[in-house]
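**Student:** Sharing data36.tsv here; it has TSV, C-alpha atoms.
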```
chain	number	residue	atom	x	y	z
A	1	MET	CA	8.71	36.95	-88.67
A	2	GLY	CA	12.06	35.70	-90.07
A	3	LYS	CA	14.25	34.21	-87.38
A	4	VAL	CA	11.41	33.98	-84.82
A	5	ILE	CA	9.93	30.99	-86.62
A	6	VAL	CA	13.06	29.04	-85.69
A	7	ILE	CA	11.78	28.79	-82.11
A	8	PRO	CA	8.41	27.02	-82.68
A	9	VAL	CA	10.04	24.81	-85.33
A	10	ALA	CA	12.83	23.89	-82.89
A	11	ILE	CA	10.27	23.22	-80.14
A	12	ALA	CA	8.32	20.88	-82.44
A	13	LEU	CA	11.45	19.06	-83.64
A	14	LEU	CA	12.96	18.73	-80.17
A	15	THR	CA	9.66	17.41	-78.77
A	16	LEU	CA	9.61	14.79	-81.52
A	17	PHE	CA	13.28	14.06	-80.77
A	18	ALA	CA	12.41	13.47	-77.11
A	19	TYR	CA	9.66	11.01	-78.07
A	20	ALA	CA	11.92	9.26	-80.59
A	21	THR	CA	14.91	8.87	-78.26
A	22	THR	CA	13.17	8.16	-74.95
A	23	ASP	CA	13.85	4.42	-75.20
A	24	ALA	CA	17.58	5.19	-75.28
A	25	TYR	CA	17.32	6.02	-71.56
A	26	ARG	CA	15.06	3.08	-70.73
A	27	VAL	CA	15.82	1.52	-67.38
A	28	ALA	CA	13.50	-0.61	-65.26
A	29	THR	CA	11.81	1.17	-62.38
A	30	LEU	CA	12.05	-2.01	-60.32
A	31	ASP	CA	13.74	-5.31	-61.08
A	32	VAL	CA	13.62	-7.88	-58.30
A	33	ALA	CA	13.91	-11.64	-57.91
A	34	LEU	CA	11.23	-13.09	-55.65
A	35	THR	CA	12.71	-16.56	-55.21
A	36	GLU	CA	16.13	-17.53	-53.97
A	37	GLU	CA	16.58	-20.27	-56.55
A	38	ARG	CA	15.61	-19.98	-60.18
A	39	PRO	CA	13.54	-22.98	-61.40
A	40	GLN	CA	14.71	-24.91	-64.46
A	41	GLU	CA	11.68	-23.97	-66.54
A	42	VAL	CA	10.53	-20.34	-66.53
A	43	SER	CA	7.71	-18.67	-68.46
A	44	THR	CA	7.35	-14.93	-68.97
A	45	VAL	CA	4.24	-12.78	-69.11
A	46	GLU	CA	3.87	-9.03	-69.65
A	47	TYR	CA	1.00	-7.09	-68.09
A	48	THR	CA	-0.25	-3.57	-68.64
A	49	ILE	CA	-1.46	-2.51	-65.22
A	50	GLU	CA	-3.60	0.46	-64.31
A	51	GLY	CA	-2.22	1.92	-61.08
A	52	LEU	CA	1.41	1.02	-61.77
A	53	LYS	CA	2.56	4.62	-61.82
A	54	CYS	CA	5.65	4.91	-59.62
A	55	ARG	CA	8.41	3.00	-57.85
A	56	GLY	CA	6.32	2.76	-54.68
A	57	MET	CA	3.47	1.09	-56.55
A	58	SER	CA	6.00	-1.20	-58.26
A	59	MET	CA	7.18	-2.31	-54.83
A	60	ALA	CA	3.54	-2.88	-53.80
A	61	ALA	CA	3.07	-5.12	-56.86
A	62	ALA	CA	6.26	-7.01	-55.95
A	63	ARG	CA	4.98	-7.44	-52.40
A	64	ILE	CA	1.69	-8.88	-53.70
A	65	LEU	CA	3.48	-11.28	-56.05
A	66	SER	CA	5.92	-12.39	-53.37
A	67	GLY	CA	2.87	-14.07	-51.82
A	68	VAL	CA	2.09	-16.02	-55.01
A	69	PRO	CA	3.96	-19.35	-55.06
A	70	GLY	CA	5.83	-19.87	-58.31
A	71	VAL	CA	6.48	-16.20	-59.19
A	72	VAL	CA	10.21	-15.87	-59.90
A	73	SER	CA	10.73	-12.17	-60.63
A	74	ILE	CA	9.08	-8.88	-61.51
A	75	THR	CA	10.44	-6.04	-63.64
A	76	THR	CA	8.39	-2.85	-63.97
A	77	TYR	CA	8.44	0.11	-66.36
A	78	VAL	CA	6.19	2.87	-65.06
A	79	ARG	CA	6.25	5.02	-68.21
A	80	THR	CA	4.34	2.31	-70.05
A	81	HIS	CA	2.65	0.97	-66.88
A	82	THR	CA	3.96	-2.50	-67.68
A	83	ALA	CA	5.29	-5.33	-65.56
A	84	ILE	CA	7.20	-8.32	-66.87
A	85	VAL	CA	6.76	-11.31	-64.60
A	86	GLU	CA	8.70	-14.58	-64.70
A	87	TYR	CA	7.07	-17.65	-63.17
A	88	ASP	CA	7.37	-21.38	-62.82
A	89	PRO	CA	4.66	-22.82	-65.15
A	90	GLY	CA	4.49	-25.94	-63.01
A	91	MET	CA	3.30	-23.92	-60.01
A	92	THR	CA	1.20	-21.02	-61.35
A	93	ASP	CA	-0.02	-19.36	-64.56
A	94	ALA	CA	-0.58	-15.90	-66.06
A	95	ALA	CA	-4.27	-15.80	-65.10
A	96	ALA	CA	-3.57	-16.60	-61.43
A	97	ILE	CA	-0.91	-13.89	-61.27
A	98	ALA	CA	-3.29	-11.34	-62.83
A	99	GLU	CA	-5.96	-12.37	-60.35
A	100	ALA	CA	-3.57	-11.75	-57.45
A	101	LEU	CA	-2.74	-8.29	-58.80
A	102	ASN	CA	-6.42	-7.46	-59.30
A	103	ARG	CA	-7.39	-8.52	-55.78
A	104	PRO	CA	-8.43	-5.52	-53.63
A	105	VAL	CA	-6.08	-4.71	-50.76
A	106	VAL	CA	-7.53	-4.15	-47.30
A	107	VAL	CA	-5.97	-1.22	-45.45
A	108	GLU	CA	-7.26	-0.37	-41.96
A	109	GLY	CA	-10.49	-2.24	-42.63
A	110	GLU	CA	-11.12	-0.53	-45.97
A	111	SER	CA	-10.89	-2.33	-49.29
A	112	HIS	CA	-8.86	-0.59	-52.04
A	113	GLN	CA	-8.61	-1.60	-55.69
A	114	VAL	CA	-4.91	-0.82	-56.11
A	115	PHE	CA	-4.19	-2.44	-59.48
A	116	ARG	CA	-6.22	-3.47	-62.48
A	117	VAL	CA	-4.61	-5.62	-65.16
A	118	VAL	CA	-5.86	-4.27	-68.48
A	119	GLU	CA	-3.79	-6.37	-70.85
A	120	THR	CA	-1.91	-9.67	-70.64
A	121	ARG	CA	0.69	-10.75	-73.19
A	122	GLU	CA	2.24	-14.17	-72.72
A	123	ARG	CA	5.81	-14.30	-74.03
A	124	GLY	CA	6.41	-18.01	-73.53
B	1	MET	CA	5.48	38.09	-83.06
B	2	ARG	CA	3.54	38.02	-79.79
B	3	ALA	CA	0.60	36.27	-81.54
B	4	LEU	CA	2.82	33.36	-82.57
B	5	ARG	CA	4.29	33.03	-79.09
B	6	THR	CA	0.87	33.28	-77.44
B	7	PHE	CA	-0.37	30.55	-79.78
B	8	VAL	CA	2.47	28.23	-78.73
B	9	GLN	CA	1.93	29.08	-75.04
B	10	LEU	CA	-1.82	28.35	-75.35
B	11	LEU	CA	-1.05	25.07	-77.08
B	12	PHE	CA	1.06	23.85	-74.15
B	13	LEU	CA	-1.27	25.33	-71.53
B	14	GLY	CA	-4.21	23.59	-73.25
B	15	GLY	CA	-2.30	20.31	-73.38
B	16	VAL	CA	-1.33	20.30	-69.71
B	17	THR	CA	-4.85	21.40	-68.64
B	18	ALA	CA	-6.45	18.65	-70.74
B	19	LEU	CA	-4.05	16.18	-69.12
B	20	ALA	CA	-5.04	17.38	-65.63
B	21	ILE	CA	-8.76	17.04	-66.48
B	22	ARG	CA	-8.22	13.54	-67.88
B	23	GLY	CA	-6.27	12.64	-64.73
B	24	VAL	CA	-9.05	13.84	-62.41
B	25	ALA	CA	-11.58	11.92	-64.53
B	26	GLY	CA	-9.47	8.78	-64.14
B	27	LEU	CA	-8.79	8.53	-67.87
B	28	THR	CA	-5.00	8.59	-67.55
B	29	ALA	CA	-2.37	7.76	-64.94
B	30	ASN	CA	-0.04	10.40	-66.40
B	31	THR	CA	0.24	13.84	-64.82
B	32	CYS	CA	2.04	17.06	-65.69
B	33	GLU	CA	5.15	15.64	-64.01
B	34	THR	CA	5.30	12.94	-66.69
B	35	TYR	CA	6.16	15.74	-69.14
B	36	CYS	CA	8.39	17.85	-66.88
B	37	PRO	CA	12.07	18.20	-67.81
B	38	PHE	CA	12.93	19.03	-64.19
B	39	GLY	CA	12.10	15.39	-63.51
B	40	GLY	CA	15.09	14.61	-65.74
B	41	VAL	CA	17.32	16.68	-63.45
B	42	ALA	CA	16.00	14.86	-60.37
B	43	ALA	CA	16.44	11.51	-62.14
B	44	LEU	CA	20.10	11.96	-63.06
B	45	TYR	CA	21.74	11.03	-59.77
B	46	PRO	CA	19.97	7.66	-59.16
B	47	LEU	CA	20.10	6.87	-62.86
B	48	LEU	CA	23.86	7.33	-63.09
B	49	ARG	CA	24.66	5.89	-59.66
B	50	PHE	CA	22.20	2.99	-59.32
B	51	ARG	CA	20.64	2.60	-62.82
B	52	VAL	CA	17.11	3.10	-61.50
B	53	TYR	CA	14.34	5.65	-61.80
B	54	THR	CA	12.71	6.58	-58.54
B	55	CYS	CA	9.21	7.72	-57.68
B	56	ALA	CA	7.25	8.55	-60.86
B	57	LEU	CA	10.30	9.54	-62.94
B	58	THR	CA	10.87	7.84	-66.25
B	59	GLU	CA	13.15	7.88	-69.26
B	60	PHE	CA	10.84	10.45	-70.88
B	61	ASN	CA	11.83	13.06	-68.26
B	62	VAL	CA	15.47	12.49	-69.20
B	63	ALA	CA	14.70	12.68	-72.94
B	64	LEU	CA	12.90	16.00	-72.35
B	65	LEU	CA	15.87	17.31	-70.37
B	66	VAL	CA	18.19	16.50	-73.28
B	67	SER	CA	15.84	18.34	-75.67
B	68	LEU	CA	15.70	21.26	-73.26
B	69	VAL	CA	19.49	21.53	-73.28
B	70	GLY	CA	19.35	21.68	-77.10
B	71	LEU	CA	16.62	24.33	-77.09
B	72	THR	CA	18.43	26.48	-74.50
B	73	LEU	CA	21.68	26.38	-76.45
B	74	LEU	CA	19.80	27.32	-79.60
B	75	SER	CA	17.51	29.99	-78.21
B	76	LYS	CA	18.26	30.81	-74.57
B	77	LYS	CA	15.38	30.25	-72.13
B	78	SER	CA	12.73	29.91	-74.83
B	79	PHE	CA	11.30	27.07	-72.77
B	80	CYS	CA	10.24	29.62	-70.13
B	81	GLY	CA	8.90	32.22	-72.56
B	82	TRP	CA	7.28	29.92	-75.10
B	83	ILE	CA	6.42	26.59	-73.46
B	84	CYS	CA	6.15	26.66	-69.67
B	85	PRO	CA	2.46	27.04	-68.74
B	86	LEU	CA	3.38	28.47	-65.34
B	87	GLY	CA	5.57	31.06	-67.06
B	88	ALA	CA	2.70	31.95	-69.40
B	89	ILE	CA	0.23	32.41	-66.56
B	90	GLN	CA	2.68	34.61	-64.65
B	91	GLU	CA	3.34	36.68	-67.74
B	92	TRP	CA	-0.38	37.26	-68.29
B	93	LEU	CA	-0.90	38.06	-64.61
B	94	GLY	CA	1.98	40.55	-64.82
B	95	ARG	CA	0.32	42.19	-67.80
B	96	LEU	CA	-2.96	42.34	-65.87
B	97	GLY	CA	-1.17	43.94	-62.92
B	98	ARG	CA	0.34	46.53	-65.23
B	99	LYS	CA	-3.14	47.40	-66.53
B	100	VAL	CA	-4.65	47.57	-63.03
B	101	PHE	CA	-1.83	49.45	-61.27
B	102	GLY	CA	-0.57	51.34	-64.31
B	103	ARG	CA	2.94	49.96	-63.72
B	104	SER	CA	4.83	46.86	-62.64
B	105	PHE	CA	6.65	46.80	-59.35
B	106	ARG	CA	10.34	46.14	-59.87
B	107	PRO	CA	12.51	45.45	-56.87
B	108	PRO	CA	15.48	47.83	-56.67
B	109	ALA	CA	18.55	46.55	-58.52
B	110	ARG	CA	20.35	45.76	-55.25
B	111	VAL	CA	17.44	43.69	-53.91
B	112	ASP	CA	17.11	41.98	-57.28
B	113	ARG	CA	20.80	41.01	-57.17
B	114	TRP	CA	20.32	39.51	-53.72
B	115	LEU	CA	17.16	37.63	-54.64
B	116	ALA	CA	18.29	36.26	-58.03
B	117	PRO	CA	20.64	33.55	-56.61
B	118	LEU	CA	17.79	32.19	-54.50
B	119	ARG	CA	16.88	29.78	-57.27
B	120	TYR	CA	20.29	28.13	-56.97
B	121	VAL	CA	19.58	27.62	-53.27
B	122	VAL	CA	16.17	26.13	-54.19
B	123	LEU	CA	17.80	23.83	-56.77
B	124	ALA	CA	20.47	22.62	-54.34
B	125	ALA	CA	17.91	22.16	-51.55
B	126	VAL	CA	15.46	20.23	-53.76
B	127	LEU	CA	18.11	17.83	-55.03
B	128	ALA	CA	19.73	17.37	-51.61
B	129	LEU	CA	16.39	16.76	-49.86
B	130	THR	CA	15.19	14.38	-52.58
B	131	TRP	CA	18.14	12.07	-52.02
B	132	THR	CA	18.29	12.37	-48.23
B	133	VAL	CA	15.20	13.32	-46.21
B	134	TRP	CA	12.66	12.43	-48.90
B	135	GLN	CA	14.49	9.15	-49.75
B	136	GLY	CA	13.99	9.40	-53.50
B	137	ASP	CA	10.41	10.62	-53.25
B	138	LEU	CA	9.67	13.84	-55.13
B	139	GLY	CA	8.80	15.78	-51.98
B	140	PHE	CA	9.23	19.08	-53.83
B	141	ARG	CA	5.82	18.52	-55.42
B	142	ALA	CA	4.14	19.83	-52.26
B	143	TYR	CA	5.89	23.18	-52.85
B	144	ASP	CA	5.95	23.23	-56.64
B	145	PRO	CA	3.31	25.63	-58.08
B	146	PHE	CA	3.43	23.79	-61.44
B	147	TYR	CA	2.51	20.46	-59.83
B	148	ILE	CA	-0.06	21.96	-57.44
B	149	LEU	CA	-1.82	23.88	-60.21
B	150	PHE	CA	-1.74	21.32	-63.00
B	151	THR	CA	-2.75	18.30	-60.99
B	152	PHE	CA	-5.61	20.30	-59.45
B	153	GLY	CA	-4.13	19.52	-56.05
B	154	GLY	CA	-2.63	16.09	-56.75
B	155	HIS	CA	-1.96	13.43	-54.12
B	156	GLU	CA	1.32	15.01	-53.01
B	157	THR	CA	-0.22	18.38	-52.13
B	158	ARG	CA	-0.18	19.34	-48.45
B	159	PRO	CA	-2.12	21.95	-46.42
B	160	TRP	CA	0.47	24.60	-47.29
B	161	SER	CA	0.58	23.82	-51.03
B	162	VAL	CA	-2.41	25.87	-52.20
B	163	PRO	CA	-1.42	28.92	-50.10
B	164	ILE	CA	2.05	28.75	-51.73
B	165	LEU	CA	0.48	28.62	-55.21
B	166	VAL	CA	-1.92	31.49	-54.46
B	167	GLY	CA	0.90	33.54	-52.93
B	168	ILE	CA	3.14	33.10	-55.98
B	169	LEU	CA	0.38	33.91	-58.46
B	170	ALA	CA	-0.69	36.96	-56.42
B	171	ALA	CA	2.92	38.16	-56.23
B	172	ALA	CA	3.25	37.70	-60.02
B	173	VAL	CA	0.52	40.32	-60.53
B	174	ALA	CA	2.75	42.96	-58.93
B	175	VAL	CA	6.23	41.57	-59.73
B	176	PRO	CA	6.22	39.97	-63.19
B	177	MET	CA	7.60	36.42	-63.38
B	178	VAL	CA	8.41	36.34	-59.67
B	179	TRP	CA	8.69	32.52	-59.52
B	180	CYS	CA	10.89	32.33	-62.64
B	181	ARG	CA	13.17	35.18	-61.60
B	182	TYR	CA	13.83	34.18	-58.01
B	183	LEU	CA	12.75	30.62	-57.26
B	184	CYS	CA	12.47	28.27	-60.25
B	185	PRO	CA	15.06	25.44	-59.92
B	186	LEU	CA	14.72	24.48	-63.60
B	187	GLY	CA	15.61	28.06	-64.52
B	188	ALA	CA	18.74	27.69	-62.39
B	189	VAL	CA	19.73	24.57	-64.36
B	190	MET	CA	19.35	26.45	-67.66
B	191	ASP	CA	21.24	29.58	-66.57
B	192	PRO	CA	24.77	28.70	-67.77
B	193	LEU	CA	23.50	27.34	-71.10
B	194	SER	CA	21.24	30.33	-71.63
B	195	ARG	CA	24.18	32.74	-71.57
B	196	ALA	CA	25.57	30.96	-74.64
B	197	GLY	CA	22.19	30.82	-76.48
B	198	PHE	CA	22.84	31.33	-80.21
B	199	LEU	CA	19.66	33.25	-81.04
B	200	ARG	CA	19.64	36.56	-79.17
B	201	VAL	CA	18.56	40.18	-79.37
B	202	ARG	CA	21.11	42.66	-80.73
B	203	ARG	CA	20.97	46.43	-80.18
B	204	ASN	CA	22.20	48.73	-82.91
B	205	GLU	CA	23.62	51.67	-81.02
B	206	SER	CA	23.43	53.96	-84.05
B	207	ALA	CA	19.65	53.49	-84.37
B	208	CYS	CA	18.88	53.39	-80.62
B	209	THR	CA	17.66	56.62	-78.98
B	210	ASP	CA	18.08	55.27	-75.42
B	211	CYS	CA	14.38	55.83	-74.71
B	212	GLY	CA	14.38	52.84	-72.32
B	213	ILE	CA	11.03	51.45	-73.52
B	214	CYS	CA	12.67	48.04	-74.04
B	215	ASP	CA	13.84	47.98	-70.39
B	216	ASP	CA	10.29	48.67	-69.28
B	217	LEU	CA	8.79	46.00	-71.53
B	218	CYS	CA	11.15	43.20	-70.48
B	219	PRO	CA	9.24	40.90	-68.10
B	220	HIS	CA	12.56	39.86	-66.58
B	221	ALA	CA	13.76	43.42	-66.03
B	222	ILE	CA	16.83	43.00	-68.25
B	223	PRO	CA	18.43	46.41	-69.01
B	224	VAL	CA	18.25	45.86	-72.79
B	225	SER	CA	19.07	49.52	-73.54
B	226	ARG	CA	22.48	49.10	-71.91
B	227	GLU	CA	23.51	45.97	-73.84
B	228	SER	CA	24.95	45.63	-77.32
B	229	GLU	CA	23.61	42.07	-77.40
B	230	VAL	CA	21.36	40.42	-74.83
B	231	THR	CA	23.27	37.54	-73.32
B	232	ALA	CA	21.53	37.82	-69.94
B	233	ARG	CA	20.80	34.36	-68.54
B	234	ASN	CA	17.19	35.35	-67.77
B	235	CYS	CA	16.31	36.30	-71.35
B	236	THR	CA	13.54	34.03	-72.64
B	237	ASN	CA	13.63	35.33	-76.21
B	238	CYS	CA	10.05	36.54	-75.82
B	239	PHE	CA	11.03	39.48	-78.05
B	240	GLU	CA	8.66	41.89	-76.28
B	241	CYS	CA	11.51	44.43	-76.43
B	242	VAL	CA	11.94	44.02	-80.19
B	243	ALA	CA	8.20	44.24	-80.87
B	244	GLY	CA	7.76	47.33	-78.67
B	245	CYS	CA	10.82	49.28	-79.85
B	246	PRO	CA	9.68	52.46	-81.65
B	247	GLU	CA	12.95	52.84	-83.61
B	248	LYS	CA	13.15	50.67	-86.70
B	249	GLY	CA	16.25	48.52	-86.68
B	250	ALA	CA	17.39	49.48	-83.18
B	251	LEU	CA	16.65	46.01	-81.83
B	252	GLU	CA	17.00	42.94	-84.00
B	253	ILE	CA	16.95	39.20	-83.57
B	254	SER	CA	20.36	37.81	-84.45
B	255	TRP	CA	22.51	34.68	-84.47
B	256	PHE	CA	25.42	35.08	-82.04
B	257	GLY	CA	24.76	38.85	-81.86
B	258	LYS	CA	25.91	39.34	-85.48
```
Any chance you could give the structure as structure tokens?
**Tutor:**
Amino acid sequence: MGKVIVIPVAIALLTLFAYATTDAYRVATLDVALTEERPQEVSTVEYTIEGLKCRGMSMAAARILSGVPGVVSITTYVRTHTAIVEYDPGMTDAAAIAEALNRPVVVEGESHQVFRVVETRERG
Amino acid sequence: MRALRTFVQLLFLGGVTALAIRGVAGLTANTCETYCPFGGVAALYPLLRFRVYTCALTEFNVALLVSLVGLTLLSKKSFCGWICPLGAIQEWLGRLGRKVFGRSFRPPARVDRWLAPLRYVVLAAVLALTWTVWQGDLGFRAYDPFYILFTFGGHETRPWSVPILVGILAAAVAVPMVWCRYLCPLGAVMDPLSRAGFLRVRRNESACTDCGICDDLCPHAIPVSRESEVTARNCTNCFECVAGCPEKGALEISWFGK
């Protein structure tokens, strides 16, 4: 066996290394402002969203939220299926934003459940 | 030696198959591409130029690519011979073909030399198309046997995808590792690093009888019997040559060929 064992051991260690260092390369999949002017008071909420699995879906989420008055920005991370949304607390709240994301989208007369918010974490 | 390698191959094949089943059942949004280091290669350009990940690429693809570089420097293309599920399936199909036909078909050396650089063309084409025609979308998925097979025909598959997969797997029965040897773009990325791989097979000329069994056993058709140490870029450190050598001590696993 001898030197051969080096290979599975290296595979195991390098796999662990990849998991441990992945955040070192963390960059948002999408990071867009949805209002021209930033309000004075801004609240932040983080959602875990089923269906948020690529840049295209991130842009779809941004398009949905651009129709919600008071949403300031959206930043998505598809590896963790999370979206961080900034909003004006005087105009909307976390529940209303989640409801907008959960709303089925009608494409060519057919209704599609594109996103499903599975967890909401308000960050203040 | 083969038992250990087969165990590792089955572990990764089981993992990626379980992932595909969970994906089809709607239990996870992740697919085999989430864990593909080639995604890291495709991610590099937009990451360095625009600081974004496109399509379904994430930081994990890049982390896996970094680990792959480490593994290749340490032990040549062990990724292909020990981890890659598509490599494992082709290897087993090649073995089946050998049993059925009594031999493997090996393209003549001249044809092999012409075909081998094809994977560099595939690599260049995939990267160029991704950032031009496909506009950041991973359009290669429709042609990639790994994606087609391990997503059970995922959303990016097209009418020609399954015929491509079937064609490659059928060809692998006759020509072992046909995808890896001639077409795999990830293999092309690893080539220069693999040449330097620290862990490699060494041939002791004094013990070798030049029987050529090792040449026959190599799934990548490397002429082991003509090398003093195997630095060939295609070597996956599968050690089939070492295990099958009838002369004790003629082939050994070594660090830096020493």
**Student:** Just the number, please: distance in Å from CA of Leu127 (chain B) to CA of Ala10 (chain A), one decimal.
**Tutor:** 29.0 Å
**Student:** Pick out the residues sitting within 8 Å of Met190 (chain B), and hand them over as number ranges by chain; count only C-alpha atoms, and ignore anything fewer than 3 positions along from it in its own chain.
**Tutor:** B: 69, 72, 77, 186-187, 193-194
**Student:** Using only C-alpha atoms - which residues lie no farther than 12 Å from the point (-0.8, -21.2, -61.1) in the file's frame? Write them as a short mmCIF file (atom, residue, chain, number, x, y, z; two decimals) with C-alpha atoms, in the coordinates of the input.
**Tutor:**
```
data_model
loop_
_atom_site.label_atom_id
_atom_site.label_comp_id
_atom_site.auth_asym_id
_atom_site.auth_seq_id
_atom_site.Cartn_x
_atom_site.Cartn_y
_atom_site.Cartn_z
CA SER A 43 7.71 -18.67 -68.46
CA LEU A 65 3.48 -11.28 -56.05
CA VAL A 68 2.09 -16.02 -55.01
CA PRO A 69 3.96 -19.35 -55.06
CA GLY A 70 5.83 -19.87 -58.31
CA VAL A 71 6.48 -16.20 -59.19
CA TYR A 87 7.07 -17.65 -63.17
CA ASP A 88 7.37 -21.38 -62.82
CA PRO A 89 4.66 -22.82 -65.15
CA GLY A 90 4.49 -25.94 -63.01
CA MET A 91 3.30 -23.92 -60.01
CA THR A 92 1.20 -21.02 -61.35
CA ASP A 93 -0.02 -19.36 -64.56
CA ALA A 94 -0.58 -15.90 -66.06
CA ALA A 95 -4.27 -15.80 -65.10
CA ALA A 96 -3.57 -16.60 -61.43
CA ILE A 97 -0.91 -13.89 -61.27
CA ALA A 98 -3.29 -11.34 -62.83
CA GLU A 99 -5.96 -12.37 -60.35
CA ALA A 100 -3.57 -11.75 -57.45
#
```
**Student:** In Å to one decimal, how far is CA of Thr236 (chain B) from CA of Lys76 (chain B)?
**Tutor:**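 Pair CA of Lys76 (chain B) / CA of Thr236 (chain B) returns 6.0 Å.
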**Student:** Mind giving me the straight-line distance from CA of Leu165 (chain B) to CA of Val178 (chain B) in Å, one decimal?
**Tutor:**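 These two atoms are separated by 11.9 Å.
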**Student:** Determine the nearest neighbour of Thr76 (chain A) from the options B:Ser254, B:Thr58, B:Thr31, B:Thr17, counting only C-alpha atoms.
**Tutor:** B:Thr58
**Student:** When you get a sec, could you note down which chain B residues fall within 6 Å of chain A, using all atoms listed in the file, as a list of chain:residue names?
**Tutor:**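 For chain B, the answer reads B:Val52, B:Tyr53, B:Thr54, B:Cys55, B:Ala56, B:Thr58, B:Glu59, B:Phe60, B:Ala63, B:Leu64, B:Ser67.
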**Student:** For a quick check of understanding, using only C-alpha atoms, which of B:Ala172, B:Ala207, B:Ile213, B:Ala196 has the smallest distance to Trp92 (chain B)?
**Tutor:** B:Ala172
**Student:** Could N, CA and C atoms be built for region 6-23 of chain A and written out as a PDB file, keeping the file's coordinate frame?
**Tutor:**
```
ATOM      1  N   VAL A   6      12.116  30.094 -86.099  1.00  0.00           N
ATOM      2  CA  VAL A   6      13.060  29.040 -85.690  1.00  0.00           C
ATOM      3  C   VAL A   6      12.625  28.439 -84.349  1.00  0.00           C
ATOM      4  N   ILE A   7      12.098  29.280 -83.466  1.00  0.00           N
ATOM      5  CA  ILE A   7      11.780  28.790 -82.110  1.00  0.00           C
ATOM      6  C   ILE A   7      10.643  27.758 -82.118  1.00  0.00           C
ATOM      7  N   PRO A   8       9.440  28.072 -82.676  1.00  0.00           N
ATOM      8  CA  PRO A   8       8.410  27.020 -82.680  1.00  0.00           C
ATOM      9  C   PRO A   8       8.815  25.784 -83.470  1.00  0.00           C
ATOM     10  N   VAL A   9       9.588  25.982 -84.548  1.00  0.00           N
ATOM     11  CA  VAL A   9      10.040  24.810 -85.330  1.00  0.00           C
ATOM     12  C   VAL A   9      10.981  23.964 -84.476  1.00  0.00           C
ATOM     13  N   ALA A  10      11.903  24.629 -83.756  1.00  0.00           N
ATOM     14  CA  ALA A  10      12.830  23.890 -82.890  1.00  0.00           C
ATOM     15  C   ALA A  10      12.072  23.178 -81.774  1.00  0.00           C
ATOM     16  N   ILE A  11      11.062  23.851 -81.214  1.00  0.00           N
ATOM     17  CA  ILE A  11      10.270  23.220 -80.140  1.00  0.00           C
ATOM     18  C   ILE A  11       9.606  21.948 -80.669  1.00  0.00           C
ATOM     19  N   ALA A  12       9.002  22.054 -81.862  1.00  0.00           N
ATOM     20  CA  ALA A  12       8.320  20.880 -82.440  1.00  0.00           C
ATOM     21  C   ALA A  12       9.323  19.749 -82.689  1.00  0.00           C
ATOM     22  N   LEU A  13      10.469  20.101 -83.297  1.00  0.00           N
ATOM     23  CA  LEU A  13      11.450  19.060 -83.640  1.00  0.00           C
ATOM     24  C   LEU A  13      12.054  18.432 -82.382  1.00  0.00           C
ATOM     25  N   LEU A  14      12.343  19.267 -81.383  1.00  0.00           N
ATOM     26  CA  LEU A  14      12.960  18.730 -80.170  1.00  0.00           C
ATOM     27  C   LEU A  14      11.968  17.887 -79.353  1.00  0.00           C
ATOM     28  N   THR A  15      10.676  18.239 -79.437  1.00  0.00           N
ATOM     29  CA  THR A  15       9.660  17.410 -78.770  1.00  0.00           C
ATOM     30  C   THR A  15       9.603  16.037 -79.445  1.00  0.00           C
ATOM     31  N   LEU A  16       9.598  16.057 -80.775  1.00  0.00           N
ATOM     32  CA  LEU A  16       9.610  14.790 -81.520  1.00  0.00           C
ATOM     33  C   LEU A  16      10.878  13.984 -81.200  1.00  0.00           C
ATOM     34  N   PHE A  17      11.999  14.695 -81.099  1.00  0.00           N
ATOM     35  CA  PHE A  17      13.280  14.060 -80.770  1.00  0.00           C
ATOM     36  C   PHE A  17      13.201  13.368 -79.412  1.00  0.00           C
ATOM     37  N   ALA A  18      12.550  14.059 -78.451  1.00  0.00           N
ATOM     38  CA  ALA A  18      12.410  13.470 -77.110  1.00  0.00           C
ATOM     39  C   ALA A  18      11.593  12.176 -77.182  1.00  0.00           C
ATOM     40  N   TYR A  19      10.486  12.225 -77.932  1.00  0.00           N
ATOM     41  CA  TYR A  19       9.660  11.010 -78.070  1.00  0.00           C
ATOM     42  C   TYR A  19      10.453   9.891 -78.760  1.00  0.00           C
ATOM     43  N   ALA A  20      11.213  10.272 -79.792  1.00  0.00           N
ATOM     44  CA  ALA A  20      11.920   9.260 -80.590  1.00  0.00           C
ATOM     45  C   ALA A  20      13.080   8.629 -79.826  1.00  0.00           C
ATOM     46  N   THR A  21      13.690   9.393 -78.919  1.00  0.00           N
ATOM     47  CA  THR A  21      14.910   8.870 -78.260  1.00  0.00           C
ATOM     48  C   THR A  21      14.663   8.380 -76.837  1.00  0.00           C
ATOM     49  N   THR A  22      13.421   8.480 -76.371  1.00  0.00           N
ATOM     50  CA  THR A  22      13.170   8.160 -74.950  1.00  0.00           C
ATOM     51  C   THR A  22      13.608   6.750 -74.588  1.00  0.00           C
ATOM     52  N   ASP A  23      13.464   5.805 -75.532  1.00  0.00           N
ATOM     53  CA  ASP A  23      13.850   4.420 -75.200  1.00  0.00           C
ATOM     54  C   ASP A  23      15.354   4.265 -74.995  1.00  0.00           C
TER      55      ASP A  23
END
```
